[in-house]
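Before any comments, here is the structure.
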Amino acid sequence: MTGKDVYEIIEEKYDKRWKREELIVDADRFKTYDEVFDRQNLDNIFKLMKRGSIRTLECPISTGKEANVYKARTDEGFAAVKIYRTSNSTFGAFLDYIIGDRRFQKIDRSHRGIIYTWAKKEEMNLQAMVDAGIRAPAPHGLYKNVLVMDYIEYEGGPAPQLRVLRTEPDHWVEMWKDVMRTVKKLYRKCGLVHGDLSEYNILYDGKLVYMDVGQSVDKDHPRARELLERDLSIISLFFQKKGVPGAEAAAMKLYRELMPAQISEELPQNR
């Protein structure tokens with residue numbers, strides 16, 4: 001779908017109520033991203049506009065296998081709009097993170113039903129994090145596969161991923177401490193395991209902001225143990241490479257602290 005196609009759909013469906021340029025500001029900026037702007041998604045975006053969650057989509061922020069994220073204008077300023085791909089061929093893998101989560105006992109297992117559940121799951125996880133005092137984008141609206149949340153800004157643009165940050169050794173140490181505190185708070189206060197914690201899913205706006213939590217699972221989920229160990233292994237390796245001494249050992253110590261004693265005893269003593 002080209003940028004022109006997007007405008008044609010908007011003109012056909014919405015010109016009687018809105019000028020087309022008021023929905024998407026500049027279609028040319030969406031040409032490499034607008035495969036998500038099919039008729040169904042435009043309807044979903046329109047619903048959120050009617051609710052007052054957003055006014056316009058301004059520009060793309062990022063694109064990924066599961067979703068695209070856009071900067072949007074609101075009455076108060078800006079927001080981020082995450083549109084989950086309903087054409088995602090890997091949607092079936094989402095079930096591994098949904099089935100076993102006590103919050104989702106009955107789900108629609110159709111293609112779109114799974115995507116909508118995934119979006120709802122991310123909204124719920126973000127809200128739980130915000131309520132627990134964890135720095136995460138607060139959700140402000142959800143309709144089917146379109147989620148509106150805080151726009152995280154840094155120095156006049158979208159906040160960068162942690163992986164591209166350049167800073168001093170002492171700063172890396174302080175940020176590692178923040179990660180450890182956050183993993184513990186997420187587990188103990190929210191009852192959640194992130195499930196995909198890495199330098200790609202942490203933003204920096206002067207401090208760390210934790211995001212992309214659609215896959216985060218309840219601590220009683222059958223895969224919680226596996227995912228917590230994987231999270232700590234991946235993120236500690238990143239900080240170890242940044243010169244934080246003992247990061248990997250500290251991560252495994254935290255894992256043993258959070259897991260029940262009988263599980264801890266099964267862990268290898270050296271990694």
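Letters for chains follow the order of the structure tokens (A, B, ...), residue numbers begin at 1 for each chain, and ligand numbers begin at 1 in the order shown.
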
Query raised in the report: Near segment 189-196 of chain A, counting only C-alpha atoms, which residues have an atom at most 9 Å away, once you skip same-chain residues fewer than 5 positions from it, shown as a PyMOL selection string?
Result: chain A and resi 97+125+128-129+131-132+183-184+201+212-220+224-228+230-231+234

**Report entry** Test item: residues at most 12 Å from Asp178 of chain A, only C-alpha atoms, excluding those fewer than 6 positions along its chain, as a list of chain:residue names
**Finding:**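 Everything that qualifies: A:Ile134, A:Arg135, A:His171, A:Trp172, A:Lys184, A:Lys185, A:Leu186, A:Ile202, A:Lys207, A:Leu208, A:Val209, A:Tyr210, A:Ile235, A:Phe239.
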
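The interatomic distance for the pair atom CA of Pro160 of chain A and atom CA of Ile83 of chain A works out to 19.5 Å.
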
Report task. Could you give me the residues within segment 29-265 of chain A that DSSP places in strand (DSSP E or B), as a ChimeraX atom specification? Result -> /A:56-63,67-73,78-84,139-143,146-150,153-154,157-158,161,192-193,202-204,208-210,217-218

Would you put the residues from that selection into a file with N, CA and C atoms, as a short mmCIF file (atom, residue, chain, number, x, y, z; two decimals), in the first residue's frame?
```cif
data_model
loop_
_atom_site.label_atom_id
_atom_site.label_comp_id
_atom_site.auth_asym_id
_atom_site.auth_seq_id
_atom_site.Cartn_x
_atom_site.Cartn_y
_atom_site.Cartn_z
N THR A 56 -4.05 13.29 15.68
CA THR A 56 -3.45 12.96 14.39
C THR A 56 -2.26 12.04 14.60
N LEU A 57 -1.91 11.30 13.55
CA LEU A 57 -0.63 10.59 13.53
C LEU A 57 0.37 11.51 12.86
N GLU A 58 1.52 11.71 13.50
CA GLU A 58 2.50 12.68 13.00
C GLU A 58 3.58 12.04 12.14
N CYS A 59 4.23 10.99 12.65
CA CYS A 59 5.35 10.38 11.92
C CYS A 59 5.68 9.02 12.53
N PRO A 60 6.33 8.15 11.76
CA PRO A 60 6.75 6.86 12.30
C PRO A 60 7.89 7.02 13.30
N ILE A 61 7.87 6.18 14.33
CA ILE A 61 8.98 6.11 15.30
C ILE A 61 9.81 4.86 15.07
N SER A 62 9.14 3.72 14.91
CA SER A 62 9.88 2.47 14.71
C SER A 62 8.99 1.46 14.01
N THR A 63 9.62 0.49 13.41
CA THR A 63 8.90 -0.60 12.78
C THR A 63 9.49 -1.91 13.25
N ALA A 67 4.84 -5.07 15.40
CA ALA A 67 4.08 -3.82 15.44
C ALA A 67 4.90 -2.66 14.90
N ASN A 68 4.19 -1.62 14.48
CA ASN A 68 4.81 -0.34 14.16
C ASN A 68 4.37 0.67 15.20
N VAL A 69 5.26 1.64 15.48
CA VAL A 69 4.96 2.66 16.48
C VAL A 69 5.05 4.03 15.81
N TYR A 70 4.07 4.89 16.12
CA TYR A 70 3.99 6.21 15.51
C TYR A 70 3.85 7.29 16.58
N LYS A 71 4.38 8.44 16.28
CA LYS A 71 4.16 9.60 17.13
C LYS A 71 2.82 10.20 16.76
N ALA A 72 2.03 10.53 17.76
CA ALA A 72 0.71 11.10 17.52
C ALA A 72 0.52 12.37 18.34
N ARG A 73 -0.29 13.26 17.83
CA ARG A 73 -0.63 14.48 18.57
C ARG A 73 -1.91 14.25 19.36
N PHE A 78 1.81 14.97 23.01
CA PHE A 78 2.10 13.86 22.10
C PHE A 78 1.91 12.52 22.79
N ALA A 79 1.70 11.50 21.99
CA ALA A 79 1.58 10.13 22.47
C ALA A 79 2.25 9.22 21.46
N ALA A 80 2.49 7.98 21.87
CA ALA A 80 2.97 6.96 20.96
C ALA A 80 1.80 6.02 20.66
N VAL A 81 1.64 5.67 19.40
CA VAL A 81 0.57 4.77 18.98
C VAL A 81 1.22 3.51 18.43
N LYS A 82 0.93 2.39 19.06
CA LYS A 82 1.48 1.11 18.64
C LYS A 82 0.39 0.33 17.92
N ILE A 83 0.65 -0.02 16.67
CA ILE A 83 -0.31 -0.76 15.87
C ILE A 83 0.25 -2.16 15.63
N TYR A 84 -0.37 -3.15 16.25
CA TYR A 84 0.08 -4.53 16.13
C TYR A 84 -0.35 -5.08 14.78
N PRO A 139 -0.25 3.57 29.54
CA PRO A 139 -1.25 3.43 28.48
C PRO A 139 -2.37 4.44 28.62
N HIS A 140 -2.89 4.93 27.49
CA HIS A 140 -3.94 5.94 27.52
C HIS A 140 -5.15 5.57 26.68
N GLY A 141 -5.11 4.43 26.02
CA GLY A 141 -6.25 4.02 25.21
C GLY A 141 -5.92 2.78 24.41
N LEU A 142 -6.92 1.94 24.23
CA LEU A 142 -6.74 0.72 23.45
C LEU A 142 -8.03 0.43 22.70
N TYR A 143 -7.88 0.14 21.42
CA TYR A 143 -9.02 -0.37 20.65
C TYR A 143 -8.50 -1.48 19.74
N VAL A 146 -4.76 -1.48 18.45
CA VAL A 146 -4.11 -0.17 18.45
C VAL A 146 -4.03 0.35 19.89
N LEU A 147 -2.81 0.53 20.37
CA LEU A 147 -2.57 0.95 21.75
C LEU A 147 -1.95 2.34 21.78
N VAL A 148 -2.52 3.23 22.57
CA VAL A 148 -2.00 4.59 22.77
C VAL A 148 -1.32 4.64 24.12
N MET A 149 -0.10 5.18 24.14
CA MET A 149 0.66 5.25 25.40
C MET A 149 1.56 6.47 25.39
N ASP A 150 2.25 6.70 26.49
CA ASP A 150 3.15 7.84 26.60
C ASP A 150 4.17 7.85 25.47
N GLU A 153 10.36 10.92 25.15
CA GLU A 153 11.17 11.86 24.38
C GLU A 153 12.52 12.08 25.05
N TYR A 154 13.52 12.36 24.23
CA TYR A 154 14.84 12.71 24.75
C TYR A 154 15.54 13.64 23.78
N GLY A 157 13.74 14.42 20.42
CA GLY A 157 13.32 13.33 19.54
C GLY A 157 12.89 12.13 20.34
N PRO A 158 12.54 11.05 19.66
CA PRO A 158 12.16 9.83 20.39
C PRO A 158 13.33 9.34 21.24
N GLN A 161 17.02 3.62 22.21
CA GLN A 161 17.18 2.35 22.91
C GLN A 161 18.50 2.37 23.68
N LEU A 192 5.10 -10.09 37.80
CA LEU A 192 5.37 -10.29 36.39
C LEU A 192 6.84 -10.57 36.11
N VAL A 193 7.07 -11.30 35.03
CA VAL A 193 8.40 -11.48 34.45
C VAL A 193 8.37 -10.82 33.08
N ILE A 202 14.66 -1.32 26.38
CA ILE A 202 14.82 -0.29 27.42
C ILE A 202 15.17 1.01 26.71
N LEU A 203 14.41 2.06 27.00
CA LEU A 203 14.68 3.38 26.43
C LEU A 203 15.44 4.24 27.43
N TYR A 204 16.03 5.31 26.92
CA TYR A 204 16.75 6.24 27.80
C TYR A 204 16.27 7.66 27.53
N LEU A 208 16.22 5.28 32.76
CA LEU A 208 15.76 4.13 32.00
C LEU A 208 14.24 4.03 32.00
N VAL A 209 13.69 3.64 30.86
CA VAL A 209 12.25 3.43 30.69
C VAL A 209 12.07 2.04 30.09
N TYR A 210 11.25 1.23 30.72
CA TYR A 210 11.09 -0.17 30.33
C TYR A 210 9.84 -0.33 29.48
N VAL A 217 4.80 -12.22 31.45
CA VAL A 217 3.90 -13.24 31.98
C VAL A 217 3.77 -13.13 33.50
N ASP A 218 2.65 -13.61 33.99
CA ASP A 218 2.42 -13.73 35.43
C ASP A 218 3.50 -14.64 36.03
#
```

Requested in this report: Considering only C-alpha atoms, state which residue in the set A:Met211, A:Ile115, A:Lys177, A:Gln105 is at the smallest distance from Ala136 of chain A.
Outcome: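 Closest to Ala136 of chain A, using only C-alpha atoms: A:Met211.
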
Query raised in the report: Between A:Phe37, A:Val164, A:Thr74, A:Leu258, which one has atoms that come closest to Lys50 of chain A, using only C-alpha atoms?
Result: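 That would be A:Thr74, the residue with the smallest distance to Lys50 of chain A.
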
Requested in this report: Mind the document's chain letters and residue numbers, and return as a PyMOL selection string the residues of segment 93-182 of chain A that DSSP labels helix (DSSP H, G or I).
Outcome: chain A and resi 93-98+111-131+162-164+169-182

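Interatomic distance, atom CA of Gly52 of chain A against atom CA of Asn145 of chain A: 17.0 Å.
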
Report summary line: Using only C-alpha atoms, the residue out of A:Gly206, A:Leu237, A:Asp38, A:Leu197 with shortest distance to Thr167 of chain A is A:Gly206

Query raised in the report: Closest to Arg188 of chain A among A:Glu174, A:Ile54, A:Glu257, A:Asp205, using only C-alpha atoms?
Result: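 Closest candidate: A:Glu257.
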
Requested in this report: Just give me the gap between atom CA of Trp118 of chain A and atom CA of Gly64 of chain A in Å, one decimal is fine.
Outcome: 15.2 Å
